[in-house]
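Engineer: Coordinates in final_18.cif, mmCIF, C-alpha atoms and all ligand atoms, are listed below.
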data_work
loop_
_atom_site.label_atom_id
_atom_site.label_comp_id
_atom_site.auth_asym_id
_atom_site.auth_seq_id
_atom_site.Cartn_x
_atom_site.Cartn_y
_atom_site.Cartn_z
CA MET A 11 -131.30 -84.77 171.26
CA SER A 12 -128.53 -82.57 169.94
CA LYS A 13 -128.83 -81.26 166.43
CA ILE A 14 -126.05 -79.89 164.23
CA LEU A 15 -126.50 -78.16 160.88
CA ILE A 16 -123.44 -78.22 158.63
CA ARG A 17 -124.09 -75.44 156.18
CA GLY A 18 -122.68 -75.15 152.65
CA ALA A 19 -120.12 -77.97 152.50
CA LYS A 20 -119.21 -79.68 149.25
CA VAL A 21 -120.32 -83.26 149.85
CA LEU A 22 -117.56 -85.57 148.54
CA GLY A 23 -116.18 -82.49 146.80
CA GLY A 24 -119.28 -82.18 144.60
CA GLU A 25 -122.52 -80.22 145.16
CA VAL A 26 -122.71 -77.60 147.88
CA GLN A 27 -125.27 -78.90 150.38
CA ASP A 28 -126.45 -78.58 153.94
CA VAL A 29 -126.37 -81.61 156.22
CA LEU A 30 -128.54 -81.87 159.33
CA ILE A 31 -127.39 -84.23 162.07
CA ASP A 32 -130.01 -85.27 164.60
CA GLY A 33 -128.66 -87.35 167.46
CA GLU A 34 -126.54 -90.15 166.03
CA THR A 35 -127.95 -89.97 162.53
CA VAL A 36 -127.88 -87.85 159.39
CA ALA A 37 -131.45 -86.49 159.33
CA ALA A 38 -131.41 -84.59 156.04
CA VAL A 39 -129.15 -83.57 153.16
CA GLY A 40 -130.25 -80.76 150.85
CA THR A 41 -130.08 -77.08 150.06
CA GLY A 42 -131.52 -74.31 152.20
CA LEU A 43 -132.02 -76.54 155.24
CA SER A 44 -132.85 -74.81 158.51
CA ASP A 45 -133.57 -75.98 162.01
CA GLU A 46 -134.16 -73.67 164.93
CA GLY A 47 -132.69 -75.91 167.59
CA ALA A 48 -129.56 -76.85 165.68
CA ARG A 49 -126.02 -75.62 166.27
CA VAL A 50 -124.84 -74.23 162.92
CA ILE A 51 -121.38 -74.89 161.46
CA ASP A 52 -120.50 -72.64 158.55
CA ALA A 53 -118.65 -74.97 156.19
CA ALA A 54 -118.35 -72.77 153.10
CA GLY A 55 -115.37 -73.91 151.03
CA GLN A 56 -115.02 -77.13 152.98
CA ILE A 57 -115.31 -80.75 151.87
CA LEU A 58 -117.54 -83.24 153.69
CA LEU A 59 -116.49 -86.89 153.57
CA PRO A 60 -117.71 -90.02 155.32
CA GLY A 61 -115.52 -90.50 158.43
CA LEU A 62 -112.18 -92.04 157.50
CA VAL A 63 -111.40 -95.67 158.32
CA ASP A 64 -107.85 -96.89 158.94
CA LEU A 65 -107.34 -100.60 158.44
CA HIS A 66 -103.79 -100.50 159.83
CA THR A 67 -103.07 -98.65 163.10
CA HIS A 68 -100.67 -99.53 165.90
CA LEU A 69 -102.23 -98.35 169.17
CA ARG A 70 -99.49 -100.04 171.29
CA GLU A 71 -101.81 -100.76 174.25
CA PRO A 72 -101.40 -103.13 176.03
CA GLY A 73 -97.69 -103.11 176.75
CA ARG A 74 -96.11 -100.08 175.11
CA GLU A 75 -98.14 -97.27 176.65
CA ASP A 76 -95.00 -95.11 176.59
CA SER A 77 -95.41 -94.79 172.81
CA GLU A 78 -99.23 -94.74 172.48
CA THR A 79 -102.43 -95.80 174.24
CA VAL A 80 -105.91 -96.51 172.94
CA LEU A 81 -106.87 -93.06 174.26
CA THR A 82 -104.01 -91.06 172.70
CA GLY A 83 -104.13 -93.07 169.48
CA THR A 84 -107.86 -92.59 169.00
CA ARG A 85 -107.53 -88.88 169.78
CA ALA A 86 -104.87 -88.69 167.07
CA ALA A 87 -107.19 -90.60 164.76
CA ALA A 88 -110.06 -88.16 165.38
CA ARG A 89 -107.72 -85.25 164.66
CA GLY A 90 -106.87 -86.91 161.36
CA GLY A 91 -110.55 -87.27 160.41
CA TYR A 92 -110.90 -90.94 161.31
CA THR A 93 -114.01 -92.44 162.92
CA SER A 94 -112.81 -96.04 162.86
CA VAL A 95 -109.39 -97.63 163.27
CA PHE A 96 -108.29 -101.25 163.13
CA ALA A 97 -105.70 -101.93 165.83
CA MET A 98 -102.82 -104.23 164.92
CA ALA A 99 -102.15 -107.28 167.08
CA ASN A 100 -98.41 -106.87 167.83
CA THR A 101 -98.94 -105.62 171.38
CA PHE A 102 -97.55 -107.01 174.69
CA PRO A 103 -99.22 -109.38 175.29
CA VAL A 104 -99.99 -110.12 171.66
CA ALA A 105 -103.67 -109.82 170.70
CA ASP A 106 -103.96 -113.55 170.05
CA THR A 107 -106.80 -114.36 172.48
CA ALA A 108 -110.40 -113.28 172.97
CA GLY A 109 -109.38 -111.63 176.25
CA VAL A 110 -106.86 -109.21 174.74
CA VAL A 111 -108.99 -108.23 171.73
CA GLU A 112 -111.98 -107.58 174.00
CA GLN A 113 -109.82 -105.38 176.24
CA VAL A 114 -108.71 -103.20 173.32
CA TRP A 115 -112.21 -103.04 171.84
CA ARG A 116 -113.68 -102.01 175.21
CA LEU A 117 -111.10 -99.27 175.77
CA GLY A 118 -112.03 -97.79 172.40
CA ARG A 119 -115.70 -97.71 173.33
CA GLU A 120 -115.03 -96.17 176.74
CA HIS A 121 -112.88 -93.35 175.37
CA GLY A 122 -115.33 -92.54 172.57
CA TYR A 123 -113.06 -90.74 170.09
CA CYS A 124 -113.07 -93.39 167.43
CA ASP A 125 -114.41 -96.91 167.00
CA VAL A 126 -111.60 -99.39 167.63
CA GLN A 127 -111.80 -102.71 165.86
CA PRO A 128 -109.03 -105.04 167.05
CA ILE A 129 -107.15 -107.18 164.55
CA GLY A 130 -106.34 -110.64 165.88
CA ALA A 131 -102.97 -112.32 165.49
CA VAL A 132 -102.82 -115.16 162.96
CA THR A 133 -100.40 -117.21 165.05
CA VAL A 134 -99.79 -117.61 168.78
CA GLY A 135 -97.38 -114.91 169.94
CA LEU A 136 -96.77 -113.87 166.30
CA GLU A 137 -94.34 -116.77 166.23
CA GLY A 138 -95.59 -118.21 162.97
CA LYS A 139 -95.84 -121.75 164.30
CA GLN A 140 -99.35 -122.41 165.55
CA LEU A 141 -102.67 -120.80 164.59
CA ALA A 142 -104.08 -118.48 167.27
CA GLU A 143 -107.68 -118.81 168.56
CA LEU A 144 -109.14 -117.26 165.41
CA GLY A 145 -112.64 -118.60 166.06
CA ALA A 146 -112.72 -117.48 169.70
CA MET A 147 -111.59 -113.97 168.71
CA HIS A 148 -114.26 -113.86 166.03
CA ASP A 149 -116.94 -115.02 168.50
CA SER A 150 -115.81 -112.55 171.20
CA ALA A 151 -117.50 -109.20 171.88
CA ALA A 152 -114.84 -107.66 169.62
CA GLY A 153 -116.14 -109.69 166.65
CA VAL A 154 -112.72 -109.92 164.98
CA THR A 155 -112.78 -110.52 161.22
CA VAL A 156 -109.29 -109.29 160.24
CA PHE A 157 -106.24 -111.31 161.28
CA SER A 158 -102.62 -110.33 160.88
CA ASP A 159 -99.17 -111.04 162.30
CA ASP A 160 -98.18 -107.56 161.04
CA GLY A 161 -94.66 -106.59 161.97
CA LYS A 162 -93.87 -110.13 160.90
CA CYS A 163 -94.74 -112.14 157.82
CA VAL A 164 -96.70 -115.39 158.03
CA ASP A 165 -93.89 -116.98 156.03
CA ASP A 166 -94.79 -120.67 156.48
CA ALA A 167 -96.98 -121.53 153.48
CA VAL A 168 -98.84 -124.28 155.34
CA ILE A 169 -99.76 -121.98 158.25
CA MET A 170 -100.86 -119.30 155.78
CA ARG A 171 -103.00 -121.83 153.92
CA ARG A 172 -104.64 -123.00 157.17
CA ALA A 173 -105.36 -119.43 158.24
CA LEU A 174 -106.99 -118.67 154.89
CA GLU A 175 -109.09 -121.83 155.17
CA TYR A 176 -110.11 -121.05 158.75
CA VAL A 177 -111.27 -117.45 158.20
CA LYS A 178 -113.21 -118.43 155.09
CA ALA A 179 -115.86 -120.05 157.34
CA PHE A 180 -116.95 -116.66 158.70
CA GLY A 181 -115.99 -114.34 155.85
CA GLY A 182 -112.81 -113.15 157.53
CA VAL A 183 -109.61 -111.98 155.91
CA VAL A 184 -105.90 -112.52 156.52
CA ALA A 185 -103.86 -109.32 156.20
CA GLN A 186 -100.32 -110.20 155.26
CA HIS A 187 -97.15 -108.25 156.05
CA ALA A 188 -95.35 -109.48 152.92
CA GLN A 189 -91.68 -109.88 153.84
CA GLU A 190 -89.71 -113.02 153.06
CA PRO A 191 -87.61 -113.17 156.23
CA ARG A 192 -84.50 -114.85 154.82
CA LEU A 193 -84.24 -112.32 151.99
CA THR A 194 -84.39 -109.40 154.44
CA GLU A 195 -81.99 -110.53 157.16
CA GLY A 196 -80.03 -107.49 158.33
CA ALA A 197 -82.03 -105.17 156.09
CA GLN A 198 -81.81 -101.46 156.94
CA MET A 199 -83.34 -99.84 153.86
CA ASN A 200 -84.48 -100.50 150.28
CA GLU A 201 -81.98 -102.59 148.31
CA GLY A 202 -80.78 -100.49 145.39
CA ILE A 203 -78.39 -97.80 144.29
CA VAL A 204 -78.69 -95.80 147.52
CA SER A 205 -78.15 -98.80 149.82
CA ALA A 206 -75.09 -99.79 147.78
CA GLU A 207 -73.65 -96.28 148.07
CA LEU A 208 -74.37 -96.01 151.79
CA GLY A 209 -73.27 -99.56 152.56
CA LEU A 210 -76.51 -100.35 154.40
CA GLY A 211 -78.10 -103.81 154.28
CA GLY A 212 -80.77 -103.97 151.56
CA TRP A 213 -84.46 -105.03 151.75
CA PRO A 214 -85.05 -106.18 148.14
CA ALA A 215 -88.36 -105.68 146.35
CA VAL A 216 -88.48 -109.40 145.59
CA ALA A 217 -88.82 -110.17 149.32
CA GLU A 218 -92.23 -108.47 149.21
CA GLU A 219 -93.23 -109.55 145.72
CA SER A 220 -92.48 -113.26 146.21
CA ILE A 221 -94.75 -113.46 149.27
CA ILE A 222 -97.57 -111.58 147.52
CA ALA A 223 -97.30 -113.91 144.53
CA ARG A 224 -97.43 -116.96 146.80
CA ASP A 225 -100.33 -115.64 148.87
CA VAL A 226 -102.60 -114.66 145.99
CA LEU A 227 -102.10 -118.19 144.63
CA LEU A 228 -102.88 -119.69 148.05
CA ALA A 229 -106.01 -117.51 148.30
CA GLU A 230 -107.08 -118.72 144.89
CA HIS A 231 -106.37 -122.33 145.80
CA VAL A 232 -108.51 -122.31 148.94
CA GLY A 233 -111.09 -119.79 147.62
CA SER A 234 -110.45 -117.38 150.44
CA ARG A 235 -109.74 -113.68 150.86
CA VAL A 236 -106.30 -112.14 151.38
CA HIS A 237 -105.36 -108.52 152.05
CA ILE A 238 -101.85 -107.20 151.37
CA CYS A 239 -100.57 -104.70 153.93
CA HIS A 240 -98.50 -101.65 152.93
CA LEU A 241 -97.60 -102.68 149.40
CA SER A 242 -94.50 -100.72 148.39
CA THR A 243 -93.06 -101.71 145.00
CA ALA A 244 -93.99 -101.39 141.33
CA GLY A 245 -93.62 -105.16 141.00
CA SER A 246 -96.12 -105.76 143.80
CA VAL A 247 -98.62 -103.62 141.91
CA GLU A 248 -98.16 -105.81 138.83
CA ILE A 249 -98.80 -108.99 140.81
CA VAL A 250 -101.96 -107.61 142.45
CA ARG A 251 -103.19 -106.38 139.06
CA TRP A 252 -102.63 -109.83 137.59
CA ALA A 253 -104.34 -111.54 140.54
CA LYS A 254 -107.40 -109.31 140.26
CA SER A 255 -107.64 -109.89 136.50
CA ARG A 256 -107.66 -113.60 137.30
CA GLY A 257 -110.56 -113.15 139.73
CA ILE A 258 -108.57 -113.82 142.91
CA ASP A 259 -110.13 -112.24 146.02
CA VAL A 260 -107.25 -109.93 146.95
CA THR A 261 -107.21 -106.38 148.27
CA ALA A 262 -104.20 -104.16 148.93
CA GLU A 263 -103.25 -101.06 150.84
CA VAL A 264 -100.62 -98.35 150.43
CA THR A 265 -99.42 -95.98 153.14
CA PRO A 266 -99.31 -92.20 152.69
CA HIS A 267 -95.52 -92.21 153.16
CA HIS A 268 -95.00 -94.68 150.34
CA LEU A 269 -96.97 -92.31 148.10
CA LEU A 270 -94.58 -89.44 148.79
CA LEU A 271 -91.15 -90.32 150.18
CA THR A 272 -88.22 -92.14 148.52
CA ASP A 273 -85.06 -93.92 149.63
CA GLU A 274 -83.02 -90.85 148.64
CA LEU A 275 -84.06 -89.45 152.04
CA VAL A 276 -82.06 -92.17 153.79
CA ARG A 277 -78.91 -90.31 152.73
CA SER A 278 -79.67 -87.99 155.67
CA TYR A 279 -79.27 -90.95 158.06
CA ASN A 280 -82.24 -89.48 159.94
CA PRO A 281 -83.99 -92.50 161.52
CA VAL A 282 -87.35 -90.79 161.11
CA TYR A 283 -87.20 -92.23 157.57
CA LYS A 284 -86.58 -95.79 158.77
CA VAL A 285 -89.74 -97.78 158.15
CA ASN A 286 -90.84 -101.30 157.20
CA PRO A 287 -91.33 -101.87 154.32
CA PRO A 288 -88.65 -99.32 153.50
CA LEU A 289 -89.04 -96.19 151.41
CA ARG A 290 -88.53 -97.22 147.80
CA THR A 291 -87.58 -95.41 144.57
CA GLU A 292 -89.27 -92.62 142.64
CA ALA A 293 -90.42 -95.17 140.02
CA ASP A 294 -92.11 -97.22 142.77
CA VAL A 295 -93.81 -94.11 144.20
CA MET A 296 -95.21 -93.22 140.78
CA ALA A 297 -96.45 -96.79 140.20
CA LEU A 298 -98.17 -96.80 143.61
CA ARG A 299 -99.93 -93.49 142.90
CA GLU A 300 -101.19 -94.75 139.55
CA ALA A 301 -102.35 -98.03 141.07
CA LEU A 302 -104.25 -96.25 143.84
CA ALA A 303 -105.90 -94.00 141.27
CA ASP A 304 -106.95 -96.86 138.99
CA GLY A 305 -108.17 -99.04 141.88
CA THR A 306 -105.53 -101.78 141.68
CA ILE A 307 -104.55 -100.69 145.17
CA ASP A 308 -107.87 -100.57 147.04
CA ILE A 309 -107.14 -98.37 150.02
CA VAL A 310 -104.85 -96.02 151.90
CA ALA A 311 -103.88 -97.27 155.37
CA THR A 312 -101.59 -95.34 157.68
CA ASP A 313 -99.44 -98.03 159.35
CA HIS A 314 -99.37 -95.43 162.18
CA ALA A 315 -96.37 -96.70 164.17
CA PRO A 316 -95.63 -94.52 167.20
CA HIS A 317 -92.27 -94.82 168.93
CA PRO A 318 -90.88 -92.87 171.91
CA HIS A 319 -88.00 -90.54 171.07
CA GLU A 320 -85.36 -92.79 172.67
CA ASP A 321 -86.20 -95.50 170.11
CA LYS A 322 -85.88 -93.10 167.17
CA ASP A 323 -83.33 -90.46 168.24
CA CYS A 324 -80.34 -92.76 167.91
CA GLU A 325 -78.06 -94.05 165.16
CA TRP A 326 -79.74 -95.43 162.05
CA ALA A 327 -78.91 -99.10 162.65
CA ALA A 328 -80.26 -99.08 166.21
CA ALA A 329 -83.46 -97.12 165.52
CA ALA A 330 -86.92 -98.70 165.56
CA MET A 331 -88.82 -98.92 162.28
CA GLY A 332 -91.99 -96.92 161.71
CA MET A 333 -93.55 -93.47 161.64
CA VAL A 334 -96.74 -91.90 162.96
CA GLY A 335 -99.34 -91.19 160.32
CA LEU A 336 -102.90 -90.66 161.55
CA GLU A 337 -102.74 -86.88 161.82
CA THR A 338 -101.10 -86.26 158.44
CA ALA A 339 -102.59 -88.98 156.21
CA LEU A 340 -105.34 -86.91 154.62
CA SER A 341 -102.94 -84.03 153.90
CA VAL A 342 -100.43 -86.35 152.24
CA VAL A 343 -103.19 -87.92 150.14
CA GLN A 344 -104.48 -84.48 149.15
CA HIS A 345 -100.95 -83.45 148.17
CA THR A 346 -99.99 -86.59 146.24
CA MET A 347 -103.33 -87.65 144.75
CA VAL A 348 -105.83 -84.77 144.67
CA ASP A 349 -103.71 -81.67 144.10
CA SER A 350 -101.74 -83.66 141.49
CA GLY A 351 -104.99 -84.35 139.60
CA LEU A 352 -104.84 -88.15 139.92
CA MET A 353 -107.96 -88.48 142.09
CA ASN A 354 -110.97 -86.41 143.16
CA TRP A 355 -112.53 -86.19 146.62
CA ALA A 356 -115.06 -88.91 145.86
CA ASP A 357 -112.09 -91.19 145.11
CA VAL A 358 -110.54 -90.20 148.45
CA ALA A 359 -113.81 -91.11 150.21
CA ASP A 360 -113.72 -94.45 148.41
CA ARG A 361 -110.06 -95.29 149.22
CA MET A 362 -109.98 -93.93 152.79
CA SER A 363 -113.48 -94.72 154.05
CA VAL A 364 -115.82 -96.83 151.91
CA LYS A 365 -113.42 -99.59 150.86
CA PRO A 366 -111.48 -99.96 154.11
CA ALA A 367 -114.81 -100.23 155.96
CA ARG A 368 -115.95 -102.90 153.53
CA ILE A 369 -112.71 -104.91 153.72
CA GLY A 370 -112.78 -104.85 157.52
CA GLY A 371 -116.54 -105.27 157.91
CA ALA A 372 -117.08 -101.95 159.76
CA GLU A 373 -120.76 -101.69 158.87
CA ASP A 374 -121.51 -98.27 160.39
CA HIS A 375 -118.60 -96.62 158.57
CA GLY A 376 -117.92 -95.76 154.95
CA ARG A 377 -121.61 -95.13 154.42
CA PRO A 378 -123.13 -92.64 151.94
CA VAL A 379 -123.69 -89.10 153.22
CA SER A 380 -127.47 -89.32 153.14
CA ALA A 381 -130.51 -89.26 155.39
CA GLY A 382 -130.88 -92.18 157.76
CA GLU A 383 -127.18 -93.08 157.80
CA PRO A 384 -124.98 -93.03 160.94
CA ALA A 385 -123.48 -89.53 161.34
CA ASN A 386 -119.82 -90.55 161.01
CA LEU A 387 -118.42 -87.60 159.09
CA THR A 388 -115.27 -85.59 158.41
CA LEU A 389 -115.10 -81.96 157.38
CA LEU A 390 -111.89 -80.59 155.91
CA ASP A 391 -110.57 -77.31 154.60
CA PRO A 392 -108.62 -78.11 151.40
CA ALA A 393 -107.34 -74.53 151.00
CA TYR A 394 -105.37 -74.59 154.25
CA ARG A 395 -101.58 -74.54 153.90
CA GLY A 396 -99.16 -74.81 156.75
CA PRO A 397 -96.11 -76.57 158.15
CA VAL A 398 -96.56 -79.83 160.06
CA ASN A 399 -95.95 -79.21 163.75
CA PRO A 400 -95.54 -82.45 165.73
CA ALA A 401 -95.60 -80.55 169.02
CA GLY A 402 -99.33 -80.17 168.43
CA PHE A 403 -100.01 -83.86 167.79
CA ALA A 404 -102.54 -85.70 169.93
CA SER A 405 -100.47 -88.87 169.50
CA ARG A 406 -98.11 -89.67 172.38
CA SER A 407 -95.27 -90.00 169.85
CA ARG A 408 -93.65 -87.50 167.49
CA ASN A 409 -91.85 -89.66 164.93
CA THR A 410 -93.20 -87.93 161.83
CA PRO A 411 -91.16 -87.53 158.64
CA TYR A 412 -93.05 -84.30 157.84
CA GLU A 413 -91.90 -81.98 160.62
CA GLY A 414 -91.76 -78.44 159.22
CA ARG A 415 -92.92 -79.61 155.79
CA GLU A 416 -95.80 -77.64 154.28
CA LEU A 417 -98.74 -79.91 153.50
CA PRO A 418 -102.20 -78.89 152.29
CA GLY A 419 -105.53 -79.41 153.99
CA ARG A 420 -106.73 -79.51 157.56
CA VAL A 421 -109.47 -81.51 159.27
CA THR A 422 -111.74 -78.97 160.96
CA HIS A 423 -114.46 -81.27 162.32
CA THR A 424 -114.92 -84.98 162.93
CA PHE A 425 -118.24 -86.50 164.01
CA LEU A 426 -118.58 -89.94 165.55
CA ARG A 427 -122.25 -91.01 165.60
CA GLY A 428 -123.30 -87.36 165.64
CA ARG A 429 -120.97 -86.30 168.43
CA ALA A 430 -118.21 -83.85 167.46
CA THR A 431 -114.84 -85.35 168.42
CA VAL A 432 -113.00 -82.48 166.72
CA VAL A 433 -114.23 -78.87 166.48
CA ASP A 434 -112.30 -76.19 164.59
CA GLY A 435 -109.29 -78.50 164.38
CA LYS A 436 -109.18 -79.12 168.13
CA LEU A 437 -110.26 -82.15 170.14
CA ALA A 438 -113.72 -81.72 171.61
ZN ZN B 501 -96.31 -104.25 158.54
#
Would you put the structure from the file into structure tokens?
Ligand SMILES: [Zn+2]
Structural biologist:
Amino acid sequence: MSKILIRGAKVLGGEVQDVLIDGETVAAVGTGLSDEGARVIDAAGQILLPGLVDLHTHLREPGREDSETVLTGTRAAARGGYTSVFAMANTFPVADTAGVVEQVWRLGREHGYCDVQPIGAVTVGLEGKQLAELGAMHDSAAGVTVFSDDGKCVDDAVIMRRALEYVKAFGGVVAQHAQEPRLTEGAQMNEGIVSAELGLGGWPAVAEESIIARDVLLAEHVGSRVHICHLSTAGSVEIVRWAKSRGIDVTAEVTPHHLLLTDELVRSYNPVYKVNPPLRTEADVMALREALADGTIDIVATDHAPHPHEDKDCEWAAAAMGMVGLETALSVVQHTMVDSGLMNWADVADRMSVKPARIGGAEDHGRPVSAGEPANLTLLDPAYRGPVNPAGFASRSRNTPYEGRELPGRVTHTFLRGRATVVDGKLA
């Protein structure tokens, strides 16, 4: 059995402690620990968190292996400090059957960089017309509990109601990409002052907010659980806050890029900033930060959306939507939430590990850093400063909005069930 002694890390940013890993498990947490057979990692000045969990990753396999595969995506995840990712269903073929979700789940296990939990499609082919085999996907080896047509909105209220009713039987959740399709036809960016000046088609806030309002009411009506993907406007925050105060079982996520970037960047016409939902205004960004800090928004999820350069290095209107995010998420959260004083590291552990694991039912993740728990851990150096260099990404794609931008923090080690997947910032 391999033993590792992490010496002198601040656990969740608090007390300096030593952590002994024995095999797949945390064997001891305390001060002055020693073990003759253990490999020692000097972690002075570093923060130890439970391994991060991403409820919203696009791994692109099967079908778009030119942009990402389960292998490259999970390597990128490990580099970013993640030990578990939930893979979105909009692949080719769509993950709408037990066969496809089992394939993705198995690839994750074989590669061993990160646990991969497939998300099943809500409707056949993401077409919004007919419920997919939700029960068969749940009963499969992949044990799917999260269902989403992400990339598209489940806009038919009757289909959404049926999905909520169906998943209720086994404690599942429907994760909604809230985008009223008629209100966003031809949309290229956030609808507002900048879109008016640039003459680009606008994606209005109300297209998101109206679907969230409808879905929290549907969830209340059927007594089921709904999760809102990549919430992006101040108005959406207000609706989720209201729904929670009313006792509705709703959770919500925000992406790192919506915590930092605004629609002013679209003035550059650089398609790296083209994303769905679009970058919003400064007022929205500030509302999202506050809501994440006060718990109205439950979690950070990356919406890691890799695209090959030919789909992004083109004119704005023709470019694909999305940006990669796994390898920069923790740095963006440190910059926007921790270094700004809005959250501490225990809050980061809560929003990026504990709560996403709970929402998705990833039982071995988001656990306390204590003896007897699975050794899924992330060690980071918060003092590091340096420019983002996409050439060094483990992801197959490079569509990051942060190229050359200085962001704080660096993941030095990631442990998946006691095995180091990242050592000194490099893949092991
Ligand atoms: Zn989406």
Engineer: Name the residues, using the chain letters and numbers of the file, that sit within 8 Å of (-113.5, -76.6, 146.1) when counting only C-alpha atoms, and give them as a ChimeraX atom specification.
Structural biologist: /A:20,23,55-57,392
Engineer: How would you write, as a list of chain:residue names, the set of residues no farther than 6 Å from ligand ZN 501 (chain B) when counting only C-alpha atoms and all ligand atoms?
Structural biologist: A:Asp160, A:Gly161, A:His187
Engineer: What lies within 7 Å of Ala329 of chain A using all atoms listed in the file, ignoring chain neighbours under 6 positions off, as a count of residues only?
Structural biologist: 3
Engineer: Using all atoms listed in the file, determine which residues lie at most 12 Å from Met353 of chain A, disregarding the query and same-chain residues fewer than 6 positions distant; provide the list as a ChimeraX atom specification.
Structural biologist: /A:22-23,299-305,343-347,359-361
Engineer: So that I can see what lies close to Asp165 of chain A, please list as a list in words the residues with an atom at most 8 Å from it, counting all atoms listed in the file and leaving out residues fewer than 5 positions away in the same chain.
Structural biologist: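 Within the cut-off, the hits are Gly138, Met170, Gln189, Glu190, Pro191 and Ile221 of chain A.
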Engineer: Which value, in Å to one decimal, gives the distance between atom CA of Leu58 of chain A and atom CA of Ala262 of chain A?
Structural biologist: 25.3 Å
Engineer: Quick one: everything within 7 Å of segment 407-422 of chain A, counting all atoms listed in the file, minus sequence neighbours fewer than 4 positions away in the same chain. Send it as a PyMOL selection string.
Structural biologist: chain A and resi 77-78+89-91+282-283+316-318+333-334+341-342+344-345+389-400+432-435
Engineer: Just the number, please: distance in Å from atom CA of Met296 of chain A to atom CA of Thr243 of chain A, one decimal.
Structural biologist: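 Answer for the atom CA of Met296 of chain A to atom CA of Thr243 of chain A separation: 9.7 Å.
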Engineer: Rank nothing, just name the residue among A:Asp106, A:Glu263, A:Asp32, A:Asp125 nearest to Ala142 of chain A, using only C-alpha atoms.
Structural biologist: A:Asp106
Engineer: Kindly give the distance, in Å, that separates atom CA of Gln198 of chain A and atom CA of Cys163 of chain A, rounded to a single decimal.
Structural biologist: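 Atom CA of Gln198 of chain A sits 16.8 Å away from atom CA of Cys163 of chain A.
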Engineer: Scan for residues within 9 Å of the point (-96.6, -113.4, 149.8) in the coordinates of the file, using only C-alpha atoms, and reply as number ranges by chain.
Structural biologist: A: 163-165, 167, 186-190, 217-227, 238
Engineer: Excluding same-chain residues fewer than 6 positions from Gln140 of chain A, what lies within 10 Å of it counting only C-alpha atoms, as a ChimeraX atom specification?
Structural biologist: /A:132-134,169,172-173
Engineer: Taking only C-alpha atoms into account, name the residue in A:Arg235, A:Asn386, A:Thr41, A:Trp326 that is nearest to Gly211 of chain A.
Structural biologist: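 Smallest distance to Gly211 of chain A is found for A:Trp326.
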